[in-house]
$ cat entry12.cif   # mmCIF, C-alpha atoms and all ligand atoms
data_structure
#
loop_
_atom_site.group_PDB
_atom_site.id
_atom_site.type_symbol
_atom_site.label_atom_id
_atom_site.label_comp_id
_atom_site.auth_asym_id
_atom_site.auth_seq_id
_atom_site.Cartn_x
_atom_site.Cartn_y
_atom_site.Cartn_z
ATOM 1 C CA MET A 1 -0.406 1.346 -2.889
ATOM 2 C CA ARG A 2 -0.358 -1.101 0.015
ATOM 3 C CA LYS A 3 2.738 -1.249 2.220
ATOM 4 C CA ILE A 4 5.374 -3.770 1.253
ATOM 5 C CA ARG A 5 6.104 -6.327 3.960
ATOM 6 C CA LEU A 6 9.818 -6.836 4.464
ATOM 7 C CA GLY A 7 11.792 -8.901 6.931
ATOM 8 C CA VAL A 8 14.734 -6.979 8.405
ATOM 9 C CA SER A 9 17.562 -7.822 10.782
ATOM 10 C CA ALA A 10 16.287 -6.202 13.970
ATOM 11 C CA CYS A 11 19.510 -4.332 14.818
ATOM 12 C CA LEU A 12 19.188 -2.345 11.550
ATOM 13 C CA LEU A 13 15.959 -0.832 12.871
ATOM 14 C CA GLY A 14 17.700 0.439 15.998
ATOM 15 C CA GLN A 15 16.868 -2.446 18.331
ATOM 16 C CA LYS A 16 19.680 -2.965 20.855
ATOM 17 C CA VAL A 17 20.074 -6.683 20.251
ATOM 18 C CA ARG A 18 23.703 -6.995 19.178
ATOM 19 C CA TYR A 19 26.249 -9.024 21.147
ATOM 20 C CA ASP A 20 27.541 -5.789 22.735
ATOM 21 C CA GLY A 21 24.075 -4.470 23.594
ATOM 22 C CA GLN A 22 24.161 -1.939 20.744
ATOM 23 C CA HIS A 23 22.265 -1.546 17.475
ATOM 24 C CA LYS A 24 23.220 -0.822 13.856
ATOM 25 C CA PHE A 25 20.504 1.659 12.939
ATOM 26 C CA ASP A 26 20.267 2.227 9.197
ATOM 27 C CA HIS A 27 18.757 5.544 8.102
ATOM 28 C CA TYR A 28 17.769 4.499 4.574
ATOM 29 C CA ILE A 29 15.983 1.348 5.749
ATOM 30 C CA ALA A 30 14.253 2.826 8.779
ATOM 31 C CA ASP A 31 13.377 6.307 7.491
ATOM 32 C CA VAL A 32 13.169 6.106 3.695
ATOM 33 C CA LEU A 33 12.082 2.522 3.068
ATOM 34 C CA GLY A 34 10.133 2.650 6.336
ATOM 35 C CA GLN A 35 7.642 5.153 4.853
ATOM 36 C CA PHE A 36 6.441 2.553 2.371
ATOM 37 C CA ALA A 37 7.223 -0.738 4.072
ATOM 38 C CA GLU A 38 5.905 -2.739 6.997
ATOM 39 C CA PHE A 39 8.821 -4.367 8.740
ATOM 40 C CA VAL A 40 9.006 -7.769 10.360
ATOM 41 C CA PRO A 41 12.136 -7.519 12.535
ATOM 42 C CA VAL A 42 14.090 -10.691 13.232
ATOM 43 C CA CYS A 43 17.108 -11.185 15.497
ATOM 44 C CA PRO A 44 18.071 -14.855 15.240
ATOM 45 C CA GLU A 45 20.590 -14.778 18.085
ATOM 46 C CA VAL A 46 18.253 -13.230 20.652
ATOM 47 C CA GLU A 47 15.152 -15.082 19.439
ATOM 48 C CA CYS A 48 16.913 -18.436 19.707
ATOM 49 C CA GLY A 49 17.531 -17.723 23.378
ATOM 50 C CA LEU A 50 20.936 -16.038 23.655
ATOM 51 C CA PRO A 51 21.258 -13.114 26.068
ATOM 52 C CA ILE A 52 22.138 -9.425 25.509
ATOM 53 C CA PRO A 53 25.015 -8.807 25.878
ATOM 54 C CA ARG A 54 26.626 -12.116 24.866
ATOM 55 C CA GLU A 55 29.963 -13.393 23.706
ATOM 56 C CA ALA A 56 30.624 -12.564 20.052
ATOM 57 C CA MET A 57 30.453 -15.479 17.616
ATOM 58 C CA HIS A 58 31.841 -16.446 14.257
ATOM 59 C CA LEU A 59 31.427 -19.206 11.678
ATOM 60 C CA ALA A 60 33.934 -22.048 11.715
ATOM 61 C CA GLY A 61 34.504 -25.171 9.636
ATOM 62 C CA GLU A 62 33.186 -25.990 6.159
ATOM 63 C CA ILE A 63 32.170 -23.024 3.994
ATOM 64 C CA ASN A 64 28.848 -24.633 3.045
ATOM 65 C CA SER A 65 27.951 -26.052 6.460
ATOM 66 C CA PRO A 66 29.810 -24.029 9.078
ATOM 67 C CA ARG A 67 29.248 -24.110 12.839
ATOM 68 C CA LEU A 68 28.235 -21.061 14.864
ATOM 69 C CA VAL A 69 30.714 -20.831 17.740
ATOM 70 C CA THR A 70 31.692 -18.229 20.337
ATOM 71 C CA ILE A 71 35.034 -16.618 19.541
ATOM 72 C CA HIS A 72 36.862 -17.018 22.867
ATOM 73 C CA THR A 73 35.240 -19.926 24.693
ATOM 74 C CA GLY A 74 34.382 -21.991 21.600
ATOM 75 C CA ILE A 75 30.790 -22.779 22.649
ATOM 76 C CA ASP A 76 28.866 -24.205 19.689
ATOM 77 C CA HIS A 77 25.397 -22.675 19.264
ATOM 78 C CA THR A 78 24.647 -24.275 15.888
ATOM 79 C CA GLU A 79 21.991 -26.747 17.083
ATOM 80 C CA LYS A 80 20.286 -24.156 19.275
ATOM 81 C CA MET A 81 20.000 -21.850 16.261
ATOM 82 C CA LYS A 82 18.830 -24.629 13.941
ATOM 83 C CA SER A 83 16.050 -25.816 16.211
ATOM 84 C CA TRP A 84 14.737 -22.231 16.570
ATOM 85 C CA MET A 85 14.952 -21.666 12.811
ATOM 86 C CA ALA A 86 12.663 -24.585 11.949
ATOM 87 C CA ASP A 87 9.649 -22.949 13.655
ATOM 88 C CA LYS A 88 10.657 -19.408 12.775
ATOM 89 C CA LEU A 89 10.707 -20.112 9.054
ATOM 90 C CA ASP A 90 7.185 -21.575 9.320
ATOM 91 C CA ASP A 91 6.077 -18.358 11.038
ATOM 92 C CA LEU A 92 7.733 -16.205 8.391
ATOM 93 C CA GLU A 93 5.920 -18.083 5.645
ATOM 94 C CA LYS A 94 2.657 -16.739 7.077
ATOM 95 C CA GLU A 95 3.990 -13.161 7.063
ATOM 96 C CA LYS A 96 3.760 -12.986 3.251
ATOM 97 C CA LEU A 97 7.039 -11.119 2.967
ATOM 98 C CA CYS A 98 8.130 -9.455 -0.268
ATOM 99 C CA GLY A 99 11.820 -9.453 0.644
ATOM 100 C CA PHE A 100 14.391 -9.468 3.438
ATOM 101 C CA ILE A 101 17.235 -7.104 4.314
ATOM 102 C CA PHE A 102 20.010 -8.800 6.238
ATOM 103 C CA LYS A 103 22.783 -7.334 8.398
ATOM 104 C CA SER A 104 26.080 -7.786 6.604
ATOM 105 C CA LYS A 105 29.013 -9.726 8.053
ATOM 106 C CA SER A 106 26.978 -11.361 10.814
ATOM 107 C CA PRO A 107 27.568 -15.104 11.363
ATOM 108 C CA SER A 108 23.790 -15.461 11.801
ATOM 109 C CA SER A 109 22.319 -12.820 9.487
ATOM 110 C CA GLY A 110 25.002 -12.029 6.877
ATOM 111 C CA ARG A 111 23.934 -13.010 3.348
ATOM 112 C CA PHE A 112 27.127 -12.436 1.351
ATOM 113 C CA ASN A 113 30.826 -13.048 1.947
ATOM 114 C CA VAL A 114 30.685 -13.749 5.675
ATOM 115 C CA LYS A 115 33.974 -14.868 7.243
ATOM 116 C CA VAL A 116 34.309 -18.609 7.872
ATOM 117 C CA PHE A 117 37.347 -19.698 9.886
ATOM 118 C CA GLY A 118 39.038 -22.917 8.777
ATOM 119 C CA ALA A 119 40.959 -25.332 11.035
ATOM 120 C CA ASP A 120 44.087 -23.247 10.400
ATOM 121 C CA GLY A 121 42.356 -20.199 11.882
ATOM 122 C CA ILE A 122 42.450 -18.331 8.575
ATOM 123 C CA PRO A 123 39.138 -16.750 7.509
ATOM 124 C CA VAL A 124 37.665 -17.195 4.040
ATOM 125 C CA HIS A 125 35.156 -14.479 3.077
ATOM 126 C CA LYS A 126 32.713 -16.764 1.295
ATOM 127 C CA GLY A 127 30.232 -17.834 3.936
ATOM 128 C CA VAL A 128 26.550 -17.181 4.590
ATOM 129 C CA GLY A 129 25.113 -16.593 8.068
ATOM 130 C CA LEU A 130 23.209 -19.561 9.477
ATOM 131 C CA PHE A 131 19.791 -17.904 9.439
ATOM 132 C CA ALA A 132 20.336 -16.117 6.116
ATOM 133 C CA ARG A 133 21.262 -19.442 4.496
ATOM 134 C CA ALA A 134 18.220 -21.267 5.885
ATOM 135 C CA PHE A 135 15.974 -18.369 4.808
ATOM 136 C CA ALA A 136 17.300 -18.436 1.231
ATOM 137 C CA GLU A 137 16.853 -22.216 1.064
ATOM 138 C CA ARG A 138 13.262 -22.008 2.292
ATOM 139 C CA PHE A 139 12.280 -18.948 0.179
ATOM 140 C CA PRO A 140 14.573 -19.108 -2.857
ATOM 141 C CA LEU A 141 12.568 -16.620 -4.943
ATOM 142 C CA LEU A 142 12.198 -13.890 -2.329
ATOM 143 C CA PRO A 143 14.387 -10.825 -2.983
ATOM 144 C CA VAL A 144 17.141 -10.474 -0.379
ATOM 145 C CA GLU A 145 19.793 -7.844 0.196
ATOM 146 C CA GLU A 146 22.180 -6.526 2.816
ATOM 147 C CA GLU A 147 22.078 -2.998 4.232
ATOM 148 C CA GLY A 148 25.556 -2.005 2.982
ATOM 149 C CA ARG A 149 24.860 -3.097 -0.591
ATOM 150 C CA LEU A 150 21.821 -0.819 -0.704
ATOM 151 C CA ASN A 151 24.253 2.145 -0.829
ATOM 152 C CA ASP A 152 25.224 0.973 -4.317
ATOM 153 C CA SER A 153 22.701 2.673 -6.612
ATOM 154 C CA ALA A 154 22.545 -0.162 -9.173
ATOM 155 C CA LEU A 155 22.005 -2.830 -6.491
ATOM 156 C CA ARG A 156 19.489 -0.648 -4.685
ATOM 157 C CA GLU A 157 17.462 0.028 -7.855
ATOM 158 C CA ASN A 158 17.459 -3.689 -8.634
ATOM 159 C CA PHE A 159 16.272 -4.579 -5.147
ATOM 160 C CA ILE A 160 13.507 -1.953 -5.252
ATOM 161 C CA ASP A 161 12.320 -3.266 -8.628
ATOM 162 C CA LYS A 162 12.279 -6.779 -7.197
ATOM 163 C CA ILE A 163 10.316 -6.009 -4.043
ATOM 164 C CA MET A 164 7.824 -3.839 -5.964
ATOM 165 C CA VAL A 165 7.252 -6.581 -8.522
ATOM 166 C CA PHE A 166 7.029 -9.217 -5.797
ATOM 167 C CA SER A 167 4.462 -7.126 -3.952
ATOM 168 C CA ARG A 168 2.358 -6.779 -7.124
ATOM 169 C CA TRP A 169 2.727 -10.523 -7.670
ATOM 170 C CA ARG A 170 1.392 -11.242 -4.181
ATOM 171 C CA GLU A 171 -1.553 -8.930 -4.902
ATOM 172 C CA TYR A 172 -2.250 -10.756 -8.157
ATOM 173 C CA GLU A 173 -2.081 -14.160 -6.426
ATOM 174 C CA GLU A 174 -4.285 -13.099 -3.518
ATOM 175 C CA ASN A 175 -6.940 -11.088 -5.370
ATOM 176 C CA ASP A 176 -7.033 -12.622 -8.816
ATOM 177 C CA GLY A 177 -4.884 -15.613 -9.737
ATOM 178 C CA SER A 178 -6.654 -16.014 -13.081
ATOM 179 C CA ALA A 179 -5.162 -16.756 -16.486
ATOM 180 C CA GLN A 180 -6.340 -13.381 -17.773
ATOM 181 C CA GLY A 181 -4.832 -11.697 -14.717
ATOM 182 C CA LEU A 182 -1.466 -13.261 -15.530
ATOM 183 C CA VAL A 183 -1.673 -11.981 -19.116
ATOM 184 C CA GLU A 184 -2.299 -8.466 -17.779
ATOM 185 C CA PHE A 185 0.445 -8.742 -15.147
ATOM 186 C CA HIS A 186 2.948 -9.746 -17.804
ATOM 187 C CA SER A 187 1.766 -7.126 -20.257
ATOM 188 C CA ARG A 188 2.120 -4.247 -17.763
ATOM 189 C CA HIS A 189 5.662 -5.313 -16.850
ATOM 190 C CA LYS A 190 6.848 -5.705 -20.434
ATOM 191 C CA TYR A 191 9.133 -2.684 -20.621
ATOM 192 C CA MET A 192 10.382 -2.969 -17.049
ATOM 193 C CA LEU A 193 11.432 -6.534 -17.842
ATOM 194 C CA MET A 194 13.023 -5.469 -21.086
ATOM 195 C CA ALA A 195 15.181 -3.006 -19.143
ATOM 196 C CA HIS A 196 16.515 -5.917 -17.094
ATOM 197 C CA SER A 197 16.774 -8.567 -19.797
ATOM 198 C CA SER A 198 15.221 -8.381 -23.261
ATOM 199 C CA ASP A 199 15.441 -12.190 -23.642
ATOM 200 C CA SER A 200 13.298 -12.654 -20.565
ATOM 201 C CA VAL A 201 10.316 -10.887 -22.139
ATOM 202 C CA LYS A 202 10.148 -13.626 -24.747
ATOM 203 C CA THR A 203 10.700 -16.467 -22.256
ATOM 204 C CA LEU A 204 8.062 -15.147 -19.868
ATOM 205 C CA GLY A 205 5.681 -14.485 -22.750
ATOM 206 C CA GLN A 206 6.018 -18.124 -23.811
ATOM 207 C CA ILE A 207 5.143 -19.298 -20.298
ATOM 208 C CA VAL A 208 2.035 -17.083 -20.319
ATOM 209 C CA ALA A 209 1.031 -18.216 -23.808
ATOM 210 C CA ALA A 210 1.391 -21.908 -22.919
ATOM 211 C CA GLN A 211 -0.741 -21.650 -19.792
ATOM 212 C CA HIS A 212 -3.786 -23.342 -21.302
ATOM 213 C CA ARG A 213 -1.740 -26.554 -21.487
ATOM 214 C CA LYS A 214 -0.762 -26.517 -17.821
ATOM 215 C CA ASN A 215 -2.601 -26.112 -14.608
ATOM 216 C CA MET A 216 -2.588 -22.555 -13.262
ATOM 217 C CA THR A 217 -0.443 -23.230 -10.177
ATOM 218 C CA GLU A 218 2.275 -24.818 -12.247
ATOM 219 C CA THR A 219 2.198 -21.923 -14.723
ATOM 220 C CA GLN A 220 2.383 -19.379 -11.909
ATOM 221 C CA ASN A 221 5.314 -21.177 -10.288
ATOM 222 C CA ARG A 222 7.201 -21.305 -13.571
ATOM 223 C CA TYR A 223 6.393 -17.692 -14.327
ATOM 224 C CA LEU A 224 7.487 -16.420 -10.898
ATOM 225 C CA ALA A 225 10.790 -18.331 -11.051
ATOM 226 C CA ALA A 226 11.561 -16.924 -14.523
ATOM 227 C CA LEU A 227 10.410 -13.450 -13.448
ATOM 228 C CA MET A 228 12.741 -13.268 -10.453
ATOM 229 C CA ASN A 229 15.569 -14.670 -12.548
ATOM 230 C CA ALA A 230 14.996 -11.902 -15.129
ATOM 231 C CA LEU A 231 15.069 -9.213 -12.449
ATOM 232 C CA ASP A 232 18.499 -10.447 -11.337
ATOM 233 C CA TYR A 233 19.931 -8.773 -14.446
ATOM 234 C CA LYS A 234 20.956 -5.211 -13.702
ATOM 235 C CA VAL A 235 19.358 -2.316 -15.546
ATOM 236 C CA THR A 236 21.922 -0.092 -17.296
ATOM 237 C CA PRO A 237 21.534 3.267 -19.080
ATOM 238 C CA LYS A 238 22.152 1.537 -22.416
ATOM 239 C CA LYS A 239 19.421 -1.006 -21.763
ATOM 240 C CA ASN A 240 17.129 1.859 -20.761
ATOM 241 C CA ARG A 241 17.921 3.628 -24.026
ATOM 242 C CA ASN A 242 16.916 0.504 -25.921
ATOM 243 C CA VAL A 243 13.592 0.415 -24.057
ATOM 244 C CA MET A 244 12.973 4.127 -24.601
ATOM 245 C CA MET A 245 13.656 3.795 -28.328
ATOM 246 C CA HIS A 246 11.094 0.973 -28.463
ATOM 247 C CA ILE A 247 8.545 3.166 -26.715
ATOM 248 C CA MET A 248 9.344 6.072 -29.017
ATOM 249 C CA GLY A 249 8.535 3.781 -31.940
ATOM 250 C CA TYR A 250 4.837 3.893 -30.935
ATOM 251 C CA PHE A 251 4.441 7.581 -31.780
ATOM 252 C CA LYS A 252 7.492 8.375 -33.895
ATOM 253 C CA LYS A 253 5.335 9.146 -36.909
ATOM 254 C CA ASN A 254 3.324 11.671 -34.917
ATOM 255 C CA LEU A 255 6.366 13.717 -33.931
ATOM 256 C CA SER A 256 7.862 16.578 -35.913
ATOM 257 C CA ALA A 257 11.576 16.450 -36.731
ATOM 258 C CA ASP A 258 12.242 18.918 -33.895
ATOM 259 C CA GLU A 259 10.234 16.945 -31.359
ATOM 260 C CA LYS A 260 11.994 13.747 -32.363
ATOM 261 C CA GLN A 261 15.385 15.396 -31.989
ATOM 262 C CA GLU A 262 14.489 16.847 -28.601
ATOM 263 C CA LEU A 263 13.460 13.412 -27.339
ATOM 264 C CA LEU A 264 16.590 11.755 -28.736
ATOM 265 C CA ASP A 265 18.756 14.433 -27.120
ATOM 266 C CA LEU A 266 17.136 13.766 -23.765
ATOM 267 C CA ILE A 267 17.550 9.986 -24.102
ATOM 268 C CA ASN A 268 21.194 10.264 -25.154
ATOM 269 C CA GLY A 269 21.854 12.957 -22.549
ATOM 270 C CA TYR A 270 20.531 10.575 -19.893
ATOM 271 C CA VAL A 271 22.825 7.777 -21.145
ATOM 272 C CA ASP A 272 25.762 10.225 -21.022
ATOM 273 C CA GLY A 273 24.893 11.173 -17.452
ATOM 274 C CA LEU A 274 23.742 14.727 -18.264
ATOM 275 C CA PHE A 275 20.095 14.281 -17.254
ATOM 276 C CA PRO A 276 18.246 12.076 -14.776
ATOM 277 C CA MET A 277 16.261 9.206 -16.233
ATOM 278 C CA LEU A 278 13.051 11.009 -15.336
ATOM 279 C CA SER A 279 13.681 13.661 -18.026
ATOM 280 C CA PRO A 280 13.217 11.432 -21.099
ATOM 281 C CA LEU A 281 10.694 9.301 -19.197
ATOM 282 C CA THR A 282 8.461 12.309 -18.527
ATOM 283 C CA LEU A 283 8.509 13.365 -22.178
ATOM 284 C CA LEU A 284 7.789 9.795 -23.313
ATOM 285 C CA ARG A 285 4.846 9.646 -20.925
ATOM 286 C CA HIS A 286 3.585 12.982 -22.253
ATOM 287 C CA TYR A 287 3.596 11.679 -25.829
ATOM 288 C CA ALA A 288 2.035 8.378 -24.773
ATOM 289 C CA ARG A 289 -0.843 10.369 -23.247
ATOM 290 C CA LYS A 290 -1.086 12.778 -26.162
ATOM 291 C CA TYR A 291 -1.296 10.004 -28.708
ATOM 292 C CA SER A 292 -3.512 7.835 -26.489
ATOM 293 C CA SER A 293 -1.463 4.707 -26.268
ATOM 294 C CA GLU A 294 -3.360 2.763 -23.581
ATOM 295 C CA PHE A 295 -0.855 -0.073 -23.681
ATOM 296 C CA LEU A 296 2.018 2.317 -22.940
ATOM 297 C CA LEU A 297 0.172 4.165 -20.201
ATOM 298 C CA GLN A 298 -0.403 0.860 -18.402
ATOM 299 C CA GLN A 299 3.339 0.169 -18.293
ATOM 300 C CA TYR A 300 4.929 0.238 -14.828
ATOM 301 C CA TYR A 301 8.148 1.308 -16.560
ATOM 302 C CA LEU A 302 6.576 4.519 -17.813
ATOM 303 C CA ASN A 303 4.565 5.175 -14.667
ATOM 304 C CA PRO A 304 6.739 4.498 -11.653
ATOM 305 C CA SER A 305 4.872 5.271 -8.443
ATOM 306 C CA ALA A 306 6.023 8.131 -6.208
ATOM 307 C CA GLU A 307 7.158 5.508 -3.698
ATOM 308 C CA GLU A 308 9.252 3.723 -6.283
ATOM 309 C CA LEU A 309 10.965 6.946 -7.342
ATOM 310 C CA GLN A 310 11.782 7.981 -3.811
ATOM 311 C CA LEU A 311 13.090 4.567 -2.855
ATOM 312 C CA LYS A 312 15.284 4.306 -5.923
ATOM 313 C CA TYR A 313 16.737 7.776 -6.101
ATOM 314 C CA HIS A 314 16.658 9.344 -2.604
ATOM 315 C CA VAL A 315 19.013 7.827 -0.096
HETATM 316 S S1 LIG B 401 23.090 -9.148 12.975
HETATM 317 FE FE1 LIG B 401 21.331 -10.480 13.192
HETATM 318 S S2 LIG B 401 21.784 -11.755 14.947
HETATM 319 FE FE2 LIG B 401 23.199 -10.010 15.021
HETATM 320 S S3 LIG B 401 22.157 -8.515 16.294
HETATM 321 FE FE3 LIG B 401 21.606 -8.053 14.190
HETATM 322 S S4 LIG B 401 19.690 -9.148 13.895
HETATM 323 FE FE4 LIG B 401 20.633 -10.018 15.720
#

$ encode --input "entry12.cif" --output "C-alpha cells"
Amino acid sequence: MRKIRLGVSACLLGQKVRYDGQHKFDHYIADVLGQFAEFVPVCPEVECGLPIPREAMHLAGEINSPRLVTIHTGIDHTEKMKSWMADKLDDLEKEKLCGFIFKSKSPSSGRFNVKVFGADGIPVHKGVGLFARAFAERFPLLPVEEEGRLNDSALRENFIDKIMVFSRWREYEENDGSAQGLVEFHSRHKYMLMAHSSDSVKTLGQIVAAQHRKNMTETQNRYLAALMNALDYKVTPKKNRNVMMHIMGYFKKNLSADEKQELLDLINGYVDGLFPMLSPLTLLRHYARKYSSEFLLQQYYLNPSAEELQLKYHV
C-alpha cells in the first residue's frame, strides 16, 4: 500500500516552531501514523514570516471572521497571515493530501472550539484558527482532525477510515477514473459504508447507477461528496453487528447449527465488549474463503490492511 500523504501542524512532529520556541510532539502521529504516512508539515505562523520565539497570539472579534492579534501588544497579524495563505493553499493543492491533522487550541491551526475574545474580553470557545478555516474552505471534502481528538477511539477510527478511503479514491482518480472503476470502488466499500450509514449505500449506489446520464467528472464529484458525508457517521458496535449479520447471510445455509451459534456468540460478545472486533471478523473471513464468496473477499470491511488495524487499534 502506498503511503498516505497528510498535512500536519509542524509542532506536532517535534519541530520547535511554537511561540515559546518549543514543540508539541505527538507520539501517535509521529511514530504510529508516521510508519504509514508521508507528512507535509505546515507552521502558518513561522511560514508567514513571524519569528521564533514570538509574542503569543489569540483570536479576537467576530466568531466567524476573527482577527489574529498578539495578546499583550495588540499587533494585528491577520493580513500578513491571509496573504501567505493564498499561495500556501495553492501549493498544498499540488501535494495531493488525503487529510490534515491540526494542533488544537491554536489561533492559527486549531480546527475546533478555539477561543475567540469578544470586545468585553470574555472568550467564547467556538472559533476556528485562521489557517484551519481557510484550509477547510478550500478543501471541504478532505478529512481533518486535531491531535487531541485522535485519543478518542471512535473519532480516531473514523478519521483512519476517512483517510484510507480518500487515499484509495486518489488512486482510483489517478490510475483509472473510469465508469467501471467507480462501480468496483463502490462495490468494494459496500460493507464499510454500511457500518457508517446504511442509507448512504443506497444513495451512493444511485449516483453510480446514474452515471451514464452525467459526465464522469460530475458523477465523481457527486460521489466523493456523498462518500465523505457518509463517513462522517460514526461506526458503532451495533452497526457493526448489523453488517456482520448481513455478511453471515451469504453462507448461513452452509453452516451447521453449532457453527452458526459460535459465530453469533462471537458477534454478540463483541457488541457486549467481551471480544475485539477482529474475533468475529476473522471467522467471517474464514467462512467467506471456505465458501468462495469473491464479492465478500473483495470487501475492505472484511479485509482491513495491517496498516489500518494498527492505526485504528494501537495508540
Ligand atoms: S500550532 Fe500551528 S502555528 Fe502554532 S506552532 Fe504549531 S504549527 Fe505553528

$ atom_distance --input "entry12.cif" --atom1 "atom CA of Glu259 of chain A" --atom2 "atom CA of Arg285 of chain A"
13.8 Å

$ closest_residue --input "entry12.cif" --among "A:Leu281, A:Leu89, A:Gln180, A:Leu193" --to "Ala136 of chain A" --atoms "all atoms listed in the file"
A:Leu89

$ residues_near_ligand --input "entry12.cif" --ligand "ligand LIG 401 (chain B)" --cutoff "8 Å" --atoms "all atoms listed in the file" --output "list of chain:residue names"
A:Val8, A:Ser9, A:Ala10, A:Cys11, A:Leu12, A:Lys16, A:Val17, A:Arg18, A:Tyr19, A:His23, A:Lys24, A:Pro41, A:Val42, A:Cys43, A:Pro44, A:Glu45, A:Val46, A:Phe102, A:Lys103, A:Ser104, A:Lys105, A:Ser106, A:Pro107, A:Ser108, A:Ser109, A:Gly110

$ atom_distance --input "entry12.cif" --atom1 "atom CA of Leu33 of chain A" --atom2 "atom CA of Asp176 of chain A"
27.1 Å

$ resolve_selection --input "entry12.cif" --expression "the PyMOL selection byres (((chain A and resi 231) around 10) and not hetatm)" --output "list in words"
Pro143, Asn158, Phe159, Asp161, Lys162, Val165, Met192, Leu193, Met194, Ala195, His196, Ser197, Ser200, Ala226, Leu227, Met228, Asn229, Ala230, Asp232, Tyr233, Lys234 and Val235 of chain A

$ atom_distance --input "entry12.cif" --atom1 "atom CA of Ser83 of chain A" --atom2 "atom CA of Phe25 of chain A"
28.0 Å

$ closest_residue --input "entry12.cif" --among "A:Leu97, A:Leu284, A:Leu311, A:Met81" --to "Arg170 of chain A" --atoms "only C-alpha atoms"
A:Leu97

$ residues_near_point --input "entry12.cif" --point "(21.9, 1.1, 3.3)" --cutoff "8 Å" --atoms "all atoms listed in the file" --output "number ranges by chain"
A: 26-29, 146-151

$ write_last_selection --input "entry12.cif" --atoms "C-alpha atoms" --output "PDB file, in the frame of the given file"
ATOM      1  CA  ASP A  26      20.267   2.227   9.197  1.00  0.00           C
ATOM      2  CA  HIS A  27      18.757   5.544   8.102  1.00  0.00           C
ATOM      3  CA  TYR A  28      17.769   4.499   4.574  1.00  0.00           C
ATOM      4  CA  ILE A  29      15.983   1.348   5.749  1.00  0.00           C
ATOM      5  CA  GLU A 146      22.180  -6.526   2.816  1.00  0.00           C
ATOM      6  CA  GLU A 147      22.078  -2.998   4.232  1.00  0.00           C
ATOM      7  CA  GLY A 148      25.556  -2.005   2.982  1.00  0.00           C
ATOM      8  CA  ARG A 149      24.860  -3.097  -0.591  1.00  0.00           C
ATOM      9  CA  LEU A 150      21.821  -0.819  -0.704  1.00  0.00           C
ATOM     10  CA  ASN A 151      24.253   2.145  -0.829  1.00  0.00           C
TER      11      ASN A 151
END

$ closest_residue --input "entry12.cif" --among "A:Gln299, A:Pro304, A:Ala86, A:Gly61" --to "Leu278 of chain A" --atoms "only C-alpha atoms"
A:Pro304

$ build_atoms --input "entry12.cif" --residues "segment 66-81 of chain A" --atoms "N, CA and C atoms" --output "mmCIF file, in the frame of the given file"
data_model
loop_
_atom_site.group_PDB
_atom_site.id
_atom_site.type_symbol
_atom_site.label_atom_id
_atom_site.label_comp_id
_atom_site.auth_asym_id
_atom_site.auth_seq_id
_atom_site.Cartn_x
_atom_site.Cartn_y
_atom_site.Cartn_z
ATOM 1 N N PRO A 66 28.978 -24.428 7.936
ATOM 2 C CA PRO A 66 29.810 -24.029 9.078
ATOM 3 C C PRO A 66 29.065 -24.144 10.408
ATOM 4 N N ARG A 67 29.821 -24.108 11.490
ATOM 5 C CA ARG A 67 29.248 -24.110 12.839
ATOM 6 C C ARG A 67 29.268 -22.677 13.362
ATOM 7 N N LEU A 68 28.324 -22.400 14.250
ATOM 8 C CA LEU A 68 28.235 -21.061 14.864
ATOM 9 C C LEU A 68 28.829 -21.163 16.268
ATOM 10 N N VAL A 69 30.029 -20.631 16.447
ATOM 11 C CA VAL A 69 30.714 -20.831 17.740
ATOM 12 C C VAL A 69 31.175 -19.494 18.331
ATOM 13 N N THR A 70 31.225 -19.457 19.669
ATOM 14 C CA THR A 70 31.692 -18.229 20.337
ATOM 15 C C THR A 70 33.206 -18.111 20.115
ATOM 16 N N ILE A 71 33.647 -16.846 19.973
ATOM 17 C CA ILE A 71 35.034 -16.618 19.541
ATOM 18 C C ILE A 71 36.066 -17.036 20.580
ATOM 19 N N HIS A 72 35.824 -16.736 21.866
ATOM 20 C CA HIS A 72 36.862 -17.018 22.867
ATOM 21 C C HIS A 72 36.682 -18.363 23.556
ATOM 22 N N THR A 73 35.439 -18.693 23.924
ATOM 23 C CA THR A 73 35.240 -19.926 24.693
ATOM 24 C C THR A 73 34.887 -21.129 23.815
ATOM 25 N N GLY A 74 34.622 -20.883 22.535
ATOM 26 C CA GLY A 74 34.382 -21.991 21.600
ATOM 27 C C GLY A 74 33.066 -22.730 21.805
ATOM 28 N N ILE A 75 32.085 -22.090 22.456
ATOM 29 C CA ILE A 75 30.790 -22.779 22.649
ATOM 30 C C ILE A 75 30.047 -22.820 21.308
ATOM 31 N N ASP A 76 29.522 -24.000 20.985
ATOM 32 C CA ASP A 76 28.866 -24.205 19.689
ATOM 33 C C ASP A 76 27.355 -24.005 19.819
ATOM 34 N N HIS A 77 26.840 -22.969 19.171
ATOM 35 C CA HIS A 77 25.397 -22.675 19.264
ATOM 36 C C HIS A 77 24.638 -23.113 18.010
ATOM 37 N N THR A 78 25.274 -23.912 17.167
ATOM 38 C CA THR A 78 24.647 -24.275 15.888
ATOM 39 C C THR A 78 23.297 -24.965 16.074
ATOM 40 N N GLU A 79 23.238 -25.982 16.953
ATOM 41 C CA GLU A 79 21.991 -26.747 17.083
ATOM 42 C C GLU A 79 20.884 -25.901 17.697
ATOM 43 N N LYS A 80 21.279 -25.048 18.646
ATOM 44 C CA LYS A 80 20.286 -24.156 19.275
ATOM 45 C C LYS A 80 19.641 -23.272 18.200
ATOM 46 N N MET A 81 20.482 -22.719 17.334
ATOM 47 C CA MET A 81 20.000 -21.850 16.261
ATOM 48 C C MET A 81 19.132 -22.642 15.276
#
